[in-house]
Amino acid sequence: MAISADLESVPLHIVARRAEIDLPAAQRAVADLLTALGRDPQSAHLAETPRRVANAYAEMLTPREFELTTFPNDEGYDELVLAKDIPVQSLCEHHLLPFQGVAHVGYLPGDRILGLSKLARVVELFARDFQVQERLTKQVADWLQDHLDPKGVGVVIEAEHQCMSLRGVRAAGSRTVTSSLHGILRDSPSSRQEFFALTGLTP
């Protein structure tokens, strides 16, 4: 969805619509998990662990609210705008273990340009959830395409998954790369190549 004319001068207040987190229930669940793993949640070292874990997950699953600030593209800027190495932290929905890395987010402006910090805010909006990297990458690209109405959007995420590095194959240092493109960045080979070159990746 493009930003309509009557909203152009009014920032949109962005709030993630998520189910409310029940902290007491989460604390009880962590205590039960500790017990199931053969640990005593009442011991001196673990007594506060259920509260700490519940609060940590609540923080990691709650993105901060922000204002989507855009400005008229008065100068008619028509080249790529790219924010590189935006930190990404999320939780693998299959193992509840973190994955982290960086996102490269770019767009070709249409009638509006976006406050640069908002690119990082949009990444956080979707990263603070139980995720898979493929979905996260697409959600960021789709959201920017719908709300900014640019000529093109490109998102690349590079991340290391602890479910791969700490368990299973234990491939420490292995990074997964995903991408999602819209508009000119998807349809034009030269624009696509420029985007990937600026991110430091080979298309």
# chains A, B, ... in the order shown; residues from 1 in each chain; ligands from 1
>>> residues_around(residues="A:Leu114", least_positions_apart="3", cutoff="7 Å", atoms="only C-alpha atoms", output="NGL selection string")
:A and (69-71 or 118)
>>> write_last_selection(atoms="C-alpha atoms", output="mmCIF file, in the first residue's frame")
data_model
loop_
_atom_site.group_PDB
_atom_site.id
_atom_site.type_symbol
_atom_site.label_atom_id
_atom_site.label_comp_id
_atom_site.auth_asym_id
_atom_site.auth_seq_id
_atom_site.Cartn_x
_atom_site.Cartn_y
_atom_site.Cartn_z
ATOM 1 C CA THR A 69 8.876 9.498 8.364
ATOM 2 C CA THR A 70 8.999 10.221 4.631
ATOM 3 C CA PHE A 71 9.845 13.360 2.687
ATOM 4 C CA LYS A 118 13.642 3.907 9.399
#
>>> residues_around(residues="A:Thr202", least_positions_apart="4", cutoff="9 Å", atoms="only C-alpha atoms", output="compact mmCIF listing (two decimals) with C-alpha atoms, in the first residue's frame")
# COMPACT_ATOMS: atom_id res chain seq x y z
CA GLN A 193 23.76 -6.13 -10.63
CA PHE A 196 24.31 -6.75 -5.40
CA ALA A 197 27.66 -5.12 -6.21
>>> select_by_dssp(residues="chain A", states="strand (DSSP E)", output="PyMOL selection string")
chain A and resi 12-14+66-68+70-72+81-92+98-108+112-114+130-131+152-161+176-183
>>> select_by_dssp(residues="stretch 57-86 of chain A", states="alpha helix (DSSP H)", output="PyMOL selection string")
chain A and resi 57-60
>>> atom_distance(atom1="atom CA of A:Ser191", atom2="atom CA of A:Val88")
25.0 Å
>>> residues_around(residues="A:Ser165", least_positions_apart="6", cutoff="12 Å", atoms="only C-alpha atoms", output="number ranges by chain")
A: 97-100, 159, 171-176
>>> write_last_selection(atoms="C-alpha atoms", output="compact mmCIF listing (two decimals), in the first residue's frame")
# COMPACT_ATOMS: atom_id res chain seq x y z
CA LEU A 97 17.91 -20.19 19.26
CA PRO A 98 19.20 -16.82 18.02
CA PHE A 99 20.44 -16.03 14.57
CA GLN A 100 22.25 -12.80 13.90
CA ALA A 159 23.25 -14.32 9.20
CA ALA A 171 29.08 -25.45 11.38
CA ALA A 172 30.46 -22.50 13.31
CA GLY A 173 31.05 -19.44 11.13
CA SER A 174 28.71 -20.58 8.35
CA ARG A 175 26.52 -17.72 7.12
CA THR A 176 23.22 -17.96 5.28
>>> atom_distance(atom1="atom CA of A:Glu75", atom2="atom CA of A:Gly115")
15.3 Å
>>> residues_around(residues="A:Arg64", least_positions_apart="5", cutoff="12 Å", atoms="only C-alpha atoms", output="PyMOL selection string")
chain A and resi 13-17+58-59+118+120-128
>>> write_last_selection(atoms="N, CA and C atoms", output="tab-separated table (two decimals), in the first residue's frame")
chain	number	residue	atom	x	y	z
A	13	HIS	N	2.39	6.08	12.60
A	13	HIS	CA	2.88	5.45	13.82
A	13	HIS	C	2.81	3.94	13.63
A	14	ILE	N	3.97	3.29	13.68
A	14	ILE	CA	4.06	1.87	13.40
A	14	ILE	C	4.17	1.08	14.70
A	15	VAL	N	3.21	0.18	14.90
A	15	VAL	CA	3.21	-0.70	16.06
A	15	VAL	C	3.00	-2.12	15.57
A	16	ALA	N	3.84	-3.04	16.02
A	16	ALA	CA	3.68	-4.44	15.62
A	16	ALA	C	2.46	-5.03	16.31
A	17	ARG	N	1.60	-5.69	15.55
A	17	ARG	CA	0.42	-6.34	16.12
A	17	ARG	C	0.79	-7.78	16.47
A	58	ALA	N	10.70	-11.81	26.10
A	58	ALA	CA	9.74	-10.73	25.86
A	58	ALA	C	10.41	-9.56	25.15
A	59	GLU	N	11.62	-9.23	25.56
A	59	GLU	CA	12.36	-8.15	24.91
A	59	GLU	C	12.71	-8.50	23.47
A	118	LYS	N	14.85	4.73	9.46
A	118	LYS	CA	13.64	3.91	9.40
A	118	LYS	C	13.89	2.58	8.68
A	120	ALA	N	16.43	0.67	9.28
A	120	ALA	CA	16.80	-0.22	10.39
A	120	ALA	C	15.59	-0.55	11.25
A	121	ARG	N	14.69	0.41	11.43
A	121	ARG	CA	13.48	0.18	12.23
A	121	ARG	C	12.60	-0.89	11.59
A	122	VAL	N	12.50	-0.86	10.27
A	122	VAL	CA	11.67	-1.86	9.59
A	122	VAL	C	12.27	-3.25	9.73
A	123	VAL	N	13.60	-3.33	9.65
A	123	VAL	CA	14.26	-4.63	9.85
A	123	VAL	C	13.93	-5.15	11.25
A	124	GLU	N	14.04	-4.30	12.25
A	124	GLU	CA	13.74	-4.72	13.63
A	124	GLU	C	12.27	-5.10	13.79
A	125	LEU	N	11.39	-4.39	13.10
A	125	LEU	CA	9.95	-4.67	13.19
A	125	LEU	C	9.63	-6.13	12.95
A	126	PHE	N	10.32	-6.74	11.99
A	126	PHE	CA	10.05	-8.13	11.65
A	126	PHE	C	11.06	-9.10	12.28
A	127	ALA	N	12.25	-8.60	12.65
A	127	ALA	CA	13.26	-9.48	13.22
A	127	ALA	C	12.92	-9.89	14.64
A	128	ARG	N	12.25	-9.02	15.38
A	128	ARG	CA	11.91	-9.35	16.77
A	128	ARG	C	10.66	-10.22	16.80
>>> closest_residue(among="A:Thr178, A:Thr49, A:Thr137, A:Thr62", to="A:Arg28", atoms="only C-alpha atoms")
A:Thr49
>>> closest_residue(among="A:Glu194, A:Asp142, A:Asp40, A:Asp85", to="A:Glu158", atoms="only C-alpha atoms")
A:Asp85
>>> residues_around(residues="A:Leu96", least_positions_apart="6", cutoff="12 Å", atoms="only C-alpha atoms", output="list in words")
Tyr57, Met60, Leu61, Ser90, Asp129, Phe130, Gln131, Val132, His161, Gln162 and Cys163 of chain A
>>> write_last_selection(atoms="N, CA, C and O atoms", output="compact mmCIF listing (two decimals), in the first residue's frame")
# COMPACT_ATOMS: atom_id res chain seq x y z
N TYR A 57 13.11 -13.12 26.58
CA TYR A 57 12.33 -13.47 25.40
C TYR A 57 11.31 -12.39 25.07
O TYR A 57 11.07 -12.07 23.90
N MET A 60 13.18 -9.73 23.25
CA MET A 60 13.60 -10.14 21.91
C MET A 60 12.43 -10.29 20.95
O MET A 60 12.61 -10.27 19.73
N LEU A 61 11.21 -10.41 21.49
CA LEU A 61 10.03 -10.61 20.64
C LEU A 61 9.18 -9.35 20.51
O LEU A 61 8.11 -9.39 19.91
N SER A 90 17.48 -12.18 15.56
CA SER A 90 16.16 -12.78 15.57
C SER A 90 16.25 -14.15 16.22
O SER A 90 17.32 -14.57 16.67
N ASP A 129 10.85 -11.46 16.39
CA ASP A 129 9.76 -12.43 16.32
C ASP A 129 10.40 -13.81 16.17
O ASP A 129 11.61 -13.92 15.95
N PHE A 130 9.62 -14.85 16.30
CA PHE A 130 10.08 -16.17 15.90
C PHE A 130 10.09 -16.20 14.38
O PHE A 130 9.05 -15.96 13.75
N GLN A 131 11.24 -16.50 13.78
CA GLN A 131 11.41 -16.27 12.36
C GLN A 131 12.15 -17.41 11.67
O GLN A 131 12.81 -18.24 12.31
N VAL A 132 12.04 -17.41 10.34
CA VAL A 132 13.01 -18.06 9.46
C VAL A 132 13.57 -16.93 8.59
O VAL A 132 12.87 -15.96 8.28
N HIS A 161 23.36 -18.83 12.14
CA HIS A 161 22.30 -19.42 12.95
C HIS A 161 22.90 -20.33 14.01
O HIS A 161 23.63 -21.27 13.69
N GLN A 162 22.57 -20.05 15.26
CA GLN A 162 23.12 -20.87 16.34
C GLN A 162 22.57 -22.30 16.31
O GLN A 162 23.19 -23.21 16.86
N CYS A 163 21.41 -22.49 15.67
CA CYS A 163 20.90 -23.87 15.54
C CYS A 163 21.79 -24.69 14.60
O CYS A 163 21.73 -25.92 14.61
>>> residues_around(residues="A:Leu34", least_positions_apart="4", cutoff="12 Å", atoms="only C-alpha atoms", output="VMD selection string")
chain A and resid 27 to 30 38 to 43 46 to 50 53
>>> write_last_selection(atoms="N, CA and C atoms", output="mmCIF file, in the first residue's frame")
data_model
loop_
_atom_site.group_PDB
_atom_site.id
_atom_site.type_symbol
_atom_site.label_atom_id
_atom_site.label_comp_id
_atom_site.auth_asym_id
_atom_site.auth_seq_id
_atom_site.Cartn_x
_atom_site.Cartn_y
_atom_site.Cartn_z
ATOM 1 N N GLN A 27 7.374 -17.592 32.830
ATOM 2 C CA GLN A 27 8.266 -17.948 33.938
ATOM 3 C C GLN A 27 7.989 -19.362 34.430
ATOM 4 N N ARG A 28 6.718 -19.726 34.539
ATOM 5 C CA ARG A 28 6.380 -21.079 34.977
ATOM 6 C C ARG A 28 6.875 -22.114 33.964
ATOM 7 N N ALA A 29 6.741 -21.781 32.689
ATOM 8 C CA ALA A 29 7.190 -22.705 31.641
ATOM 9 C C ALA A 29 8.704 -22.906 31.700
ATOM 10 N N VAL A 30 9.464 -21.830 31.950
ATOM 11 C CA VAL A 30 10.921 -21.959 32.058
ATOM 12 C C VAL A 30 11.289 -22.817 33.266
ATOM 13 N N GLY A 38 16.388 -31.822 34.353
ATOM 14 C CA GLY A 38 17.116 -32.358 35.494
ATOM 15 C C GLY A 38 17.773 -31.319 36.366
ATOM 16 N N ARG A 39 17.295 -30.084 36.314
ATOM 17 C CA ARG A 39 17.849 -29.010 37.130
ATOM 18 C C ARG A 39 16.824 -28.568 38.165
ATOM 19 N N ASP A 40 17.326 -28.000 39.252
ATOM 20 C CA ASP A 40 16.451 -27.533 40.325
ATOM 21 C C ASP A 40 16.235 -26.029 40.197
ATOM 22 N N PRO A 41 15.048 -25.584 39.755
ATOM 23 C CA PRO A 41 14.826 -24.146 39.580
ATOM 24 C C PRO A 41 14.785 -23.365 40.888
ATOM 25 N N GLN A 42 14.788 -24.073 42.010
ATOM 26 C CA GLN A 42 14.813 -23.395 43.303
ATOM 27 C C GLN A 42 16.222 -23.238 43.853
ATOM 28 N N SER A 43 17.211 -23.756 43.155
ATOM 29 C CA SER A 43 18.589 -23.638 43.644
ATOM 30 C C SER A 43 19.038 -22.183 43.607
ATOM 31 N N LEU A 46 19.762 -20.774 40.115
ATOM 32 C CA LEU A 46 18.690 -20.817 39.114
ATOM 33 C C LEU A 46 17.391 -20.154 39.568
ATOM 34 N N ALA A 47 17.346 -19.705 40.812
ATOM 35 C CA ALA A 47 16.088 -19.190 41.366
ATOM 36 C C ALA A 47 15.520 -18.023 40.558
ATOM 37 N N GLU A 48 16.377 -17.182 40.018
ATOM 38 C CA GLU A 48 15.917 -16.017 39.244
ATOM 39 C C GLU A 48 15.911 -16.277 37.740
ATOM 40 N N THR A 49 16.371 -17.458 37.333
ATOM 41 C CA THR A 49 16.474 -17.752 35.902
ATOM 42 C C THR A 49 15.132 -17.715 35.174
ATOM 43 N N PRO A 50 14.049 -18.284 35.699
ATOM 44 C CA PRO A 50 12.774 -18.204 34.978
ATOM 45 C C PRO A 50 12.342 -16.765 34.692
ATOM 46 N N VAL A 53 14.787 -15.288 31.972
ATOM 47 C CA VAL A 53 14.563 -15.850 30.643
ATOM 48 C C VAL A 53 13.262 -15.320 30.050
#
>>> decode(residues="stretch 22-58 of chain A", atoms="C-alpha atoms", output="mmCIF file, in the first residue's frame")
data_model
loop_
_atom_site.group_PDB
_atom_site.id
_atom_site.type_symbol
_atom_site.label_atom_id
_atom_site.label_comp_id
_atom_site.auth_asym_id
_atom_site.auth_seq_id
_atom_site.Cartn_x
_atom_site.Cartn_y
_atom_site.Cartn_z
ATOM 1 C CA ASP A 22 2.064 -13.650 29.460
ATOM 2 C CA LEU A 23 5.185 -13.195 31.597
ATOM 3 C CA PRO A 24 4.014 -15.221 34.638
ATOM 4 C CA ALA A 25 3.080 -18.152 32.377
ATOM 5 C CA ALA A 26 6.430 -17.861 30.588
ATOM 6 C CA GLN A 27 8.266 -17.948 33.938
ATOM 7 C CA ARG A 28 6.380 -21.079 34.977
ATOM 8 C CA ALA A 29 7.190 -22.705 31.641
ATOM 9 C CA VAL A 30 10.921 -21.959 32.058
ATOM 10 C CA ALA A 31 10.850 -23.435 35.570
ATOM 11 C CA ASP A 32 9.142 -26.543 34.180
ATOM 12 C CA LEU A 33 11.745 -26.792 31.440
ATOM 13 C CA LEU A 34 14.582 -26.586 33.964
ATOM 14 C CA THR A 35 12.951 -29.345 35.969
ATOM 15 C CA ALA A 36 12.494 -31.482 32.830
ATOM 16 C CA LEU A 37 16.190 -30.999 32.060
ATOM 17 C CA GLY A 38 17.116 -32.358 35.494
ATOM 18 C CA ARG A 39 17.849 -29.010 37.130
ATOM 19 C CA ASP A 40 16.451 -27.533 40.325
ATOM 20 C CA PRO A 41 14.826 -24.146 39.580
ATOM 21 C CA GLN A 42 14.813 -23.395 43.303
ATOM 22 C CA SER A 43 18.589 -23.638 43.644
ATOM 23 C CA ALA A 44 20.548 -20.510 44.504
ATOM 24 C CA HIS A 45 21.947 -20.090 40.992
ATOM 25 C CA LEU A 46 18.690 -20.817 39.114
ATOM 26 C CA ALA A 47 16.088 -19.190 41.366
ATOM 27 C CA GLU A 48 15.917 -16.017 39.244
ATOM 28 C CA THR A 49 16.474 -17.752 35.902
ATOM 29 C CA PRO A 50 12.774 -18.204 34.978
ATOM 30 C CA ARG A 51 12.143 -14.476 35.440
ATOM 31 C CA ARG A 52 15.273 -13.496 33.546
ATOM 32 C CA VAL A 53 14.563 -15.850 30.643
ATOM 33 C CA ALA A 54 10.922 -14.762 30.364
ATOM 34 C CA ASN A 55 11.936 -11.080 30.338
ATOM 35 C CA ALA A 56 14.696 -11.751 27.808
ATOM 36 C CA TYR A 57 12.331 -13.475 25.395
ATOM 37 C CA ALA A 58 9.736 -10.733 25.858
#
